[in-house]
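> Input upload.pdb, format and content: PDB, C-alpha atoms.
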ATOM      1  CA  MET A 270      65.287  78.797  26.941
ATOM      2  CA  ARG A 271      63.476  81.982  26.072
ATOM      3  CA  THR A 272      62.284  83.788  22.953
ATOM      4  CA  LEU A 273      60.824  87.142  21.987
ATOM      5  CA  ARG A 274      57.484  88.111  23.494
ATOM      6  CA  VAL A 275      56.490  89.869  20.250
ATOM      7  CA  PRO A 276      56.945  88.962  16.548
ATOM      8  CA  GLU A 277      59.035  92.062  15.792
ATOM      9  CA  SER A 278      60.393  95.100  17.632
ATOM     10  CA  THR A 279      62.652  98.057  16.803
ATOM     11  CA  THR A 280      64.701 100.183  19.205
ATOM     12  CA  GLU A 281      67.185 102.960  18.441
ATOM     13  CA  THR A 282      70.279 103.993  20.393
ATOM     14  CA  VAL A 283      72.770 106.785  19.604
ATOM     15  CA  VAL A 284      76.512 106.600  20.293
ATOM     16  CA  ASN A 285      78.720 109.562  19.315
ATOM     17  CA  ARG A 286      76.202 110.659  16.687
ATOM     18  CA  SER A 287      76.026 107.200  15.087
ATOM     19  CA  ARG A 288      72.504 105.792  15.090
ATOM     20  CA  PHE A 289      72.181 102.089  15.928
ATOM     21  CA  VAL A 290      68.705 100.831  15.031
ATOM     22  CA  CYS A 291      68.162  97.287  16.316
ATOM     23  CA  THR A 292      65.280  95.320  14.856
ATOM     24  CA  LEU A 293      64.444  92.010  16.492
ATOM     25  CA  TYR A 294      62.519  89.307  14.676
ATOM     26  CA  ARG A 295      61.041  86.125  16.035
ATOM     27  CA  VAL A 296      62.036  83.400  13.549
ATOM     28  CA  ALA A 297      61.307  79.684  13.357
ATOM     29  CA  SER A 298      64.247  78.534  11.233
ATOM     30  CA  ASP A 299      67.558  79.381   9.625
ATOM     31  CA  ALA A 300      65.760  79.917   6.298
ATOM     32  CA  GLU A 301      63.290  82.379   7.822
ATOM     33  CA  ALA A 302      66.124  84.309   9.463
ATOM     34  CA  ARG A 303      67.936  84.619   6.118
ATOM     35  CA  GLN A 304      64.739  85.839   4.432
ATOM     36  CA  HIS A 305      64.327  88.577   7.043
ATOM     37  CA  ILE A 306      67.983  89.574   6.672
ATOM     38  CA  SER A 307      67.673  89.849   2.894
ATOM     39  CA  ALA A 308      64.489  91.924   3.096
ATOM     40  CA  HIS A 309      65.903  94.145   5.841
ATOM     41  CA  ARG A 310      69.069  94.896   3.894
ATOM     42  CA  LYS A 311      67.072  95.779   0.785
ATOM     43  CA  ALA A 312      64.840  98.095   2.811
ATOM     44  CA  ASN A 313      67.866  99.729   4.485
ATOM     45  CA  TRP A 314      70.236  99.778   1.518
ATOM     46  CA  ASP A 315      71.391 103.318   2.331
ATOM     47  CA  ALA A 316      72.629 102.434   5.843
ATOM     48  CA  THR A 317      76.358 102.249   6.581
ATOM     49  CA  HIS A 318      76.046  98.686   7.921
ATOM     50  CA  ASN A 319      73.336  96.078   8.553
ATOM     51  CA  CYS A 320      74.933  93.656  11.009
ATOM     52  CA  THR A 321      73.173  90.457  12.028
ATOM     53  CA  ALA A 322      73.056  87.679  14.600
ATOM     54  CA  TYR A 323      70.535  84.937  15.180
ATOM     55  CA  VAL A 324      69.935  81.753  17.159
ATOM     56  CA  VAL A 325      67.488  78.992  16.163
ATOM     57  CA  ASP A 326      66.847  75.264  16.765
ATOM     58  CA  ASP A 327      66.711  75.474  20.567
ATOM     59  CA  GLY A 328      70.045  77.278  20.576
ATOM     60  CA  GLN A 329      71.814  74.633  18.478
ATOM     61  CA  SER A 330      72.262  76.815  15.380
ATOM     62  CA  ALA A 331      73.678  80.341  15.429
ATOM     63  CA  ARG A 332      75.108  82.772  12.870
ATOM     64  CA  SER A 333      76.472  86.314  12.877
ATOM     65  CA  ASN A 334      77.746  88.795  10.290
ATOM     66  CA  ASP A 335      79.736  92.019  10.686
ATOM     67  CA  ASP A 336      78.613  93.444   7.304
ATOM     68  CA  GLY A 337      81.791  95.436   6.731
ATOM     69  CA  GLU A 338      82.566  96.430  10.317
ATOM     70  CA  PRO A 339      85.987  95.268  11.600
ATOM     71  CA  ALA A 340      85.909  91.504  12.174
ATOM     72  CA  GLY A 341      84.387  90.514  15.496
ATOM     73  CA  THR A 342      83.170  93.991  16.460
ATOM     74  CA  ALA A 343      79.487  93.705  15.523
ATOM     75  CA  GLY A 344      77.960  90.291  14.809
ATOM     76  CA  VAL A 345      79.870  88.457  17.532
ATOM     77  CA  PRO A 346      78.950  90.801  20.415
ATOM     78  CA  MET A 347      75.365  90.817  19.149
ATOM     79  CA  LEU A 348      75.326  87.020  19.195
ATOM     80  CA  GLU A 349      76.883  86.942  22.658
ATOM     81  CA  VAL A 350      73.967  88.988  23.982
ATOM     82  CA  LEU A 351      71.456  86.550  22.479
ATOM     83  CA  ARG A 352      73.331  83.549  23.874
ATOM     84  CA  GLY A 353      73.870  85.242  27.223
ATOM     85  CA  ARG A 354      70.120  85.598  27.636
ATOM     86  CA  ASP A 355      69.534  81.941  26.681
ATOM     87  CA  LEU A 356      67.430  82.894  23.662
ATOM     88  CA  THR A 357      66.350  80.893  20.656
ATOM     89  CA  ASP A 358      64.394  81.674  17.488
ATOM     90  CA  VAL A 359      65.549  85.291  17.621
ATOM     91  CA  LEU A 360      67.178  87.366  14.866
ATOM     92  CA  ALA A 361      68.790  90.726  15.635
ATOM     93  CA  VAL A 362      69.649  93.169  12.860
ATOM     94  CA  VAL A 363      71.480  96.343  13.867
ATOM     95  CA  THR A 364      71.380  99.022  11.175
ATOM     96  CA  ARG A 365      74.102 101.633  11.697
ATOM     97  CA  HIS A 366      73.972 105.139  10.271
ATOM     98  CA  PHE A 367      77.481 106.563  10.689
ATOM     99  CA  GLY A 368      77.571 109.876  12.537
ATOM    100  CA  GLY A 369      81.081 111.000  11.596
ATOM    101  CA  VAL A 370      82.931 109.851  14.732
ATOM    102  CA  LYS A 371      84.911 106.602  14.649
ATOM    103  CA  LEU A 372      84.261 104.463  17.726
ATOM    104  CA  GLY A 373      87.231 102.108  17.602
ATOM    105  CA  ALA A 374      87.017  98.339  18.024
ATOM    106  CA  GLY A 375      86.091  98.442  21.705
ATOM    107  CA  GLY A 376      83.518 101.153  21.119
ATOM    108  CA  LEU A 377      81.906  99.179  18.316
ATOM    109  CA  VAL A 378      81.712  96.017  20.430
ATOM    110  CA  ARG A 379      80.014  97.940  23.235
ATOM    111  CA  ALA A 380      77.676  99.828  20.884
ATOM    112  CA  TYR A 381      76.432  96.776  18.991
ATOM    113  CA  GLY A 382      76.028  94.711  22.147
ATOM    114  CA  ALA A 383      74.198  97.545  23.899
ATOM    115  CA  ALA A 384      71.890  98.044  20.913
ATOM    116  CA  VAL A 385      70.717  94.421  21.126
ATOM    117  CA  SER A 386      70.434  94.513  24.926
ATOM    118  CA  SER A 387      68.298  97.657  24.816
ATOM    119  CA  ALA A 388      66.067  96.187  22.124
ATOM    120  CA  LEU A 389      65.545  92.993  24.118
ATOM    121  CA  ASP A 390      64.709  94.974  27.254
ATOM    122  CA  GLU A 391      62.149  96.927  25.243
ATOM    123  CA  ALA A 392      60.589  93.924  23.476
ATOM    124  CA  GLY A 393      60.511  91.512  26.418
ATOM    125  CA  THR A 394      60.945  87.742  26.352
ATOM    126  CA  VAL A 395      58.970  84.661  27.355
ATOM    127  CA  GLU A 396      60.160  81.360  28.793
ATOM    128  CA  LEU A 397      59.931  78.211  26.683
ATOM    129  CA  ALA A 398      59.539  74.603  27.792
ATOM    130  CA  ARG A 399      59.246  71.279  25.993
ATOM    131  CA  TRP A 400      56.147  69.374  27.090
ATOM    132  CA  GLN A 401      54.957  65.882  26.286
ATOM    133  CA  ARG A 402      52.383  65.750  23.500
ATOM    134  CA  LEU A 403      49.397  63.414  23.733
ATOM    135  CA  THR A 404      46.387  62.328  21.708
ATOM    136  CA  VAL A 405      43.343  61.850  23.938
ATOM    137  CA  ARG A 406      40.284  60.068  22.481
ATOM    138  CA  VAL A 407      36.829  60.130  24.035
ATOM    139  CA  ASP A 408      33.270  59.618  22.820
ATOM    140  CA  TYR A 409      31.058  62.544  21.880
ATOM    141  CA  GLY A 410      29.142  62.401  25.134
ATOM    142  CA  LEU A 411      32.241  63.364  27.109
ATOM    143  CA  ALA A 412      33.943  65.632  24.588
ATOM    144  CA  GLY A 413      32.156  68.916  25.240
ATOM    145  CA  SER A 414      32.639  69.079  28.986
ATOM    146  CA  LEU A 415      36.156  67.652  28.777
ATOM    147  CA  GLU A 416      37.269  70.258  26.240
ATOM    148  CA  GLY A 417      36.067  73.054  28.494
ATOM    149  CA  LEU A 418      37.939  71.616  31.471
ATOM    150  CA  LEU A 419      41.123  71.078  29.447
ATOM    151  CA  ARG A 420      41.128  74.700  28.310
ATOM    152  CA  LEU A 421      40.986  75.824  31.944
ATOM    153  CA  ARG A 422      44.111  73.901  32.953
ATOM    154  CA  GLU A 423      47.336  75.920  33.031
ATOM    155  CA  ASP A 424      49.428  72.751  32.678
ATOM    156  CA  VAL A 425      47.762  71.851  29.341
ATOM    157  CA  ARG A 426      47.991  73.391  25.879
ATOM    158  CA  LEU A 427      45.196  72.256  23.574
ATOM    159  CA  VAL A 428      46.611  72.183  20.044
ATOM    160  CA  GLY A 429      43.563  70.934  18.157
ATOM    161  CA  VAL A 430      40.399  68.829  18.169
ATOM    162  CA  ASP A 431      39.517  66.230  15.521
ATOM    163  CA  PHE A 432      35.933  65.053  15.127
ATOM    164  CA  GLY A 433      35.837  61.551  13.679
ATOM    165  CA  ALA A 434      34.305  58.310  14.948
ATOM    166  CA  GLU A 435      35.496  59.645  18.287
ATOM    167  CA  VAL A 436      36.708  63.053  19.377
ATOM    168  CA  ALA A 437      40.510  63.277  19.487
ATOM    169  CA  PHE A 438      42.230  66.036  21.439
ATOM    170  CA  ASP A 439      45.758  66.935  20.377
ATOM    171  CA  LEU A 440      47.398  68.456  23.447
ATOM    172  CA  ALA A 441      50.611  68.966  25.374
ATOM    173  CA  CYS A 442      51.039  68.821  29.143
ATOM    174  CA  SER A 443      53.735  69.467  31.705
ATOM    175  CA  ASP A 444      53.086  66.281  33.730
ATOM    176  CA  VAL A 445      51.790  63.239  31.842
ATOM    177  CA  GLU A 446      51.147  61.045  34.886
ATOM    178  CA  LEU A 447      49.134  63.744  36.619
ATOM    179  CA  LEU A 448      47.037  64.430  33.524
ATOM    180  CA  VAL A 449      46.406  60.744  32.790
ATOM    181  CA  ASP A 450      45.087  60.252  36.330
ATOM    182  CA  TRP A 451      42.890  63.324  35.974
ATOM    183  CA  LEU A 452      41.530  62.143  32.605
ATOM    184  CA  ALA A 453      40.727  58.745  34.071
ATOM    185  CA  SER A 454      38.718  60.341  36.868
ATOM    186  CA  GLN A 455      36.898  62.713  34.491
ATOM    187  CA  SER A 456      35.979  59.983  32.014
ATOM    188  CA  ALA A 457      35.478  57.047  34.413
ATOM    189  CA  GLY A 458      38.438  55.388  32.720
ATOM    190  CA  ALA A 459      37.015  55.735  29.207
ATOM    191  CA  ALA A 460      39.607  58.193  27.821
ATOM    192  CA  GLU A 461      42.261  56.658  25.599
ATOM    193  CA  VAL A 462      45.674  58.348  25.792
ATOM    194  CA  GLU A 463      48.530  57.918  23.315
ATOM    195  CA  PRO A 464      51.922  59.672  23.362
ATOM    196  CA  SER A 465      52.677  61.719  20.228
ATOM    197  CA  GLY A 466      56.087  63.289  20.761
ATOM    198  CA  THR A 467      56.837  66.637  22.314
ATOM    199  CA  LEU A 468      55.809  70.248  21.794
ATOM    200  CA  ARG A 469      57.581  73.476  22.710
ATOM    201  CA  VAL A 470      55.280  75.826  24.592
ATOM    202  CA  GLU A 471      55.421  79.347  25.985
ATOM    203  CA  LEU A 472      55.049  79.650  29.729
TER     204      LEU A 472
END
In structure tokens, write the structure found in this file.

Amino acid sequence: MRTLRVPESTTETVVNRSRFVCTLYRVASDAEARQHISAHRKANWDATHNCTAYVVDDGQSARSNDDGEPAGTAGVPMLEVLRGRDLTDVLAVVTRHFGGVKLGAGGLVRAYGAAVSSALDEAGTVELARWQRLTVRVDYGLAGSLEGLLRLREDVRLVGVDFGAEVAFDLACSDVELLVDWLASQSAGAAEVEPSGTLRVEL
């Protein structure tokens, strides 16, 4: 799956004098998407339409809304673009300012879909992967050098470090077996490794 490279991006296209302003938001949940939609509609209350589509939860949850356009001519083609690009955690809002020329159902479908496609091309996307999450515990004598080495590895994402009786690294990795072997060699077998679920990371 992929998601937006940036938190927010806006791109405008013009079709037969109608302005289609597509704003993309990176969202973490259905609730956050709805909050953005509400705020966007309030800010653009004078627009002819504010049509929406979003995908969250690793692509498992999706919604769209035509906001007064003929059914299926706005939200659905917008959503199809998001799904077609295998995106998640992305909200698209296309604000239309009517230019006086009716586009017809087919024209609307093409215009709304193209508005989202252009905005995505402009904003860019990043690939997502789900990596195994681990807690790695070592004594203080090893912690400093190990942290530096972990941060250099492209197959590791260091989430946090907890300083208690021992130092605990909260991290995610693409290959658990490979990392466990590497940790054993770096710590002379002293590192303790515990699985702690999974974490979605940007590649």
> Check what the PyMOL selection byres ((chain A and resi 372) around 12) selects in the file above and give those residues as a list in words.
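Checked against the file, the PyMOL selection byres ((chain A and resi 372) around 12) matches Val283, Val284, Asn285, Arg286, Ser287, Glu338, Pro339, Thr342, Ala343, Phe367, Gly368, Gly369, Val370, Lys371, Gly373, Ala374, Gly375, Gly376, Leu377, Val378, Arg379, Ala380 and Tyr381 of chain A.
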> So the first atom is atom CA of A:Tyr323 and the second is atom CA of A:Glu281; what is the distance between them in Å, to one decimal place?
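Rounded to one decimal, the two atoms are 18.6 Å apart.
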> For each of A:Ala300, A:Leu447, A:Ala412, A:Leu419, take the minimum atom-to-atom distance to A:Ala460, counting all atoms listed in the file, then give the residue where this is smallest.
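Using all atoms listed in the file, the shortest distance to A:Ala460 belongs to A:Ala412.
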> Need to verify the contact set: A:Thr317, 7 Å, all atoms listed in the file, exclusion of same-chain residues closer than 2 positions in sequence. Can you return it as a VMD selection string?
chain A and resid 315 365 to 367
> So the first atom is atom CA of A:Val363 and the second is atom CA of A:Val385; what is the distance between them in Å, to one decimal place?
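Taking atom CA of A:Val363 as the start and atom CA of A:Val385 as the end point, the length is 7.5 Å.
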> Might you spell out which residues the PyMOL selection byres ((chain A and resi 329) around 12) would select in the displayed file, as a list in words?
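Taken on the displayed file, the PyMOL selection byres ((chain A and resi 329) around 12) yields the residues Met270, Ser298, Asp299, Tyr323, Val324, Val325, Asp326, Asp327, Gly328, Ser330, Ala331, Arg332, Arg352, Asp355, Leu356, Thr357 and Asp358 of chain A.
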> Considering only C-alpha atoms, can you say which of A:Leu452, A:Ala361, A:Leu389, A:Val350 comes closest to A:Thr404?
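Checking each of A:Leu452, A:Ala361, A:Leu389, A:Val350 against A:Thr404, counting only C-alpha atoms, the winner is A:Leu452.
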> Quick one: pull the distance between atom CA of A:Ala388 and atom CA of A:Thr282, Å, one decimal.
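Distance reported for this atom pair: 9.0 Å.
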> Which one is closest to A:Arg354: A:Gly458, A:Ala316, A:Ser443, A:Ser386? Count all atoms listed in the file.
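Residue with the minimum atom-to-atom distance to A:Arg354: A:Ser386.
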> Report as an MDAnalysis selection string all protein, DNA and RNA residues lying within 12 Å of stretch 430-441 of chain A, evaluated on only C-alpha atoms, omitting residues in the same chain fewer than 4 positions from it.
chainID A and resid 398:413 415:417 419:420 422:426 445 448:449 452 459:471
> Can you pull out the residues contacting A:Tyr294? Cut-off 10 Å, using all atoms listed in the file, and skip same-chain residues under 3 positions away; I want them as a ChimeraX atom specification.
/A:272-273,275-279,291,297,301-302,305-306,323,358-362
> For the selection just defined, write its residues with C-alpha atoms to a file, as a compact mmCIF listing (two decimals), in the frame of the given file.

# COMPACT_ATOMS: atom_id res chain seq x y z
CA THR A 272 62.28 83.79 22.95
CA LEU A 273 60.82 87.14 21.99
CA VAL A 275 56.49 89.87 20.25
CA PRO A 276 56.94 88.96 16.55
CA GLU A 277 59.04 92.06 15.79
CA SER A 278 60.39 95.10 17.63
CA THR A 279 62.65 98.06 16.80
CA CYS A 291 68.16 97.29 16.32
CA ALA A 297 61.31 79.68 13.36
CA GLU A 301 63.29 82.38 7.82
CA ALA A 302 66.12 84.31 9.46
CA HIS A 305 64.33 88.58 7.04
CA ILE A 306 67.98 89.57 6.67
CA TYR A 323 70.54 84.94 15.18
CA ASP A 358 64.39 81.67 17.49
CA VAL A 359 65.55 85.29 17.62
CA LEU A 360 67.18 87.37 14.87
CA ALA A 361 68.79 90.73 15.64
CA VAL A 362 69.65 93.17 12.86
> So for stretch 309-324 of chain A, what box centre and size do we get, axis-aligned, 5 Å extra on each of the six sides, every listed atom, Å to one decimal, as AutoDock Vina command-line options?

--center_x 70.6 --center_y 92.5 --center_z 9.0 --size_x 21.5 --size_y 31.6 --size_z 26.4
> Let me make sure I understand: among A:Leu472, A:Gly429, A:Val290, A:Ser307, which one has the smallest atom-to-atom distance to A:Thr394 if we use only C-alpha atoms?
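Once distances to A:Thr394 are computed over only C-alpha atoms, the minimum belongs to A:Leu472.
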> Between A:Ser414, A:Thr292, A:Ser387, A:Asn334, which residue has the minimum interatomic distance to A:Thr364, considering all atoms listed in the file?
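Among the listed residues, A:Thr292 lies closest to A:Thr364.
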> Since the input lacks atoms, please generate N, CA, C and O atoms for stretch 413-432 of chain A and provide them as a short mmCIF file (atom, residue, chain, number, x, y, z; two decimals), in the coordinates of the input.

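Once everything was written out, this is out.cif:
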data_model
loop_
_atom_site.label_atom_id
_atom_site.label_comp_id
_atom_site.auth_asym_id
_atom_site.auth_seq_id
_atom_site.Cartn_x
_atom_site.Cartn_y
_atom_site.Cartn_z
N GLY A 413 32.45 67.50 24.99
CA GLY A 413 32.16 68.92 25.24
C GLY A 413 32.62 69.39 26.59
O GLY A 413 33.33 70.39 26.71
N SER A 414 32.25 68.67 27.63
CA SER A 414 32.64 69.08 28.99
C SER A 414 34.14 68.93 29.18
O SER A 414 34.78 69.77 29.83
N LEU A 415 34.73 67.87 28.60
CA LEU A 415 36.16 67.65 28.78
C LEU A 415 36.98 68.76 28.11
O LEU A 415 37.97 69.24 28.67
N GLU A 416 36.55 69.18 26.93
CA GLU A 416 37.27 70.26 26.24
C GLU A 416 37.27 71.53 27.09
O GLU A 416 38.30 72.20 27.22
N GLY A 417 36.14 71.87 27.65
CA GLY A 417 36.07 73.05 28.49
C GLY A 417 37.01 72.97 29.68
O GLY A 417 37.69 73.95 30.02
N LEU A 418 37.06 71.80 30.31
CA LEU A 418 37.94 71.62 31.47
C LEU A 418 39.42 71.65 31.07
O LEU A 418 40.25 72.21 31.79
N LEU A 419 39.73 71.07 29.92
CA LEU A 419 41.12 71.08 29.45
C LEU A 419 41.61 72.50 29.19
O LEU A 419 42.75 72.85 29.50
N ARG A 420 40.74 73.32 28.62
CA ARG A 420 41.13 74.70 28.31
C ARG A 420 41.36 75.53 29.57
O ARG A 420 42.04 76.55 29.52
N LEU A 421 40.80 75.10 30.69
CA LEU A 421 40.99 75.82 31.94
C LEU A 421 42.30 75.47 32.64
O LEU A 421 42.76 76.20 33.52
N ARG A 422 42.90 74.36 32.27
CA ARG A 422 44.11 73.90 32.95
C ARG A 422 45.35 74.66 32.46
O ARG A 422 45.62 74.72 31.26
N GLU A 423 46.11 75.19 33.39
CA GLU A 423 47.34 75.92 33.03
C GLU A 423 48.47 74.99 32.63
O GLU A 423 49.43 75.43 32.01
N ASP A 424 48.37 73.71 33.01
CA ASP A 424 49.43 72.75 32.68
C ASP A 424 49.12 72.00 31.39
O ASP A 424 49.78 71.00 31.07
N VAL A 425 48.14 72.49 30.61
CA VAL A 425 47.76 71.85 29.34
C VAL A 425 47.69 72.91 28.25
O VAL A 425 47.21 74.02 28.47
N ARG A 426 48.18 72.56 27.06
CA ARG A 426 47.99 73.39 25.88
C ARG A 426 47.23 72.56 24.86
O ARG A 426 47.74 71.54 24.39
N LEU A 427 46.02 72.98 24.54
CA LEU A 427 45.20 72.26 23.57
C LEU A 427 45.55 72.73 22.17
O LEU A 427 45.32 73.89 21.81
N VAL A 428 46.14 71.84 21.38
CA VAL A 428 46.61 72.18 20.04
C VAL A 428 45.48 72.11 19.02
O VAL A 428 45.36 72.97 18.15
N GLY A 429 44.64 71.08 19.12
CA GLY A 429 43.56 70.93 18.16
C GLY A 429 42.59 69.85 18.57
O GLY A 429 42.87 69.05 19.48
N VAL A 430 41.44 69.83 17.90
CA VAL A 430 40.40 68.83 18.17
C VAL A 430 39.95 68.24 16.84
O VAL A 430 39.63 68.98 15.90
N ASP A 431 39.92 66.91 16.75
CA ASP A 431 39.52 66.23 15.52
C ASP A 431 38.23 65.45 15.79
O ASP A 431 38.16 64.65 16.73
N PHE A 432 37.23 65.71 14.97
CA PHE A 432 35.93 65.05 15.13
C PHE A 432 35.80 63.95 14.09
O PHE A 432 35.54 64.20 12.92
#
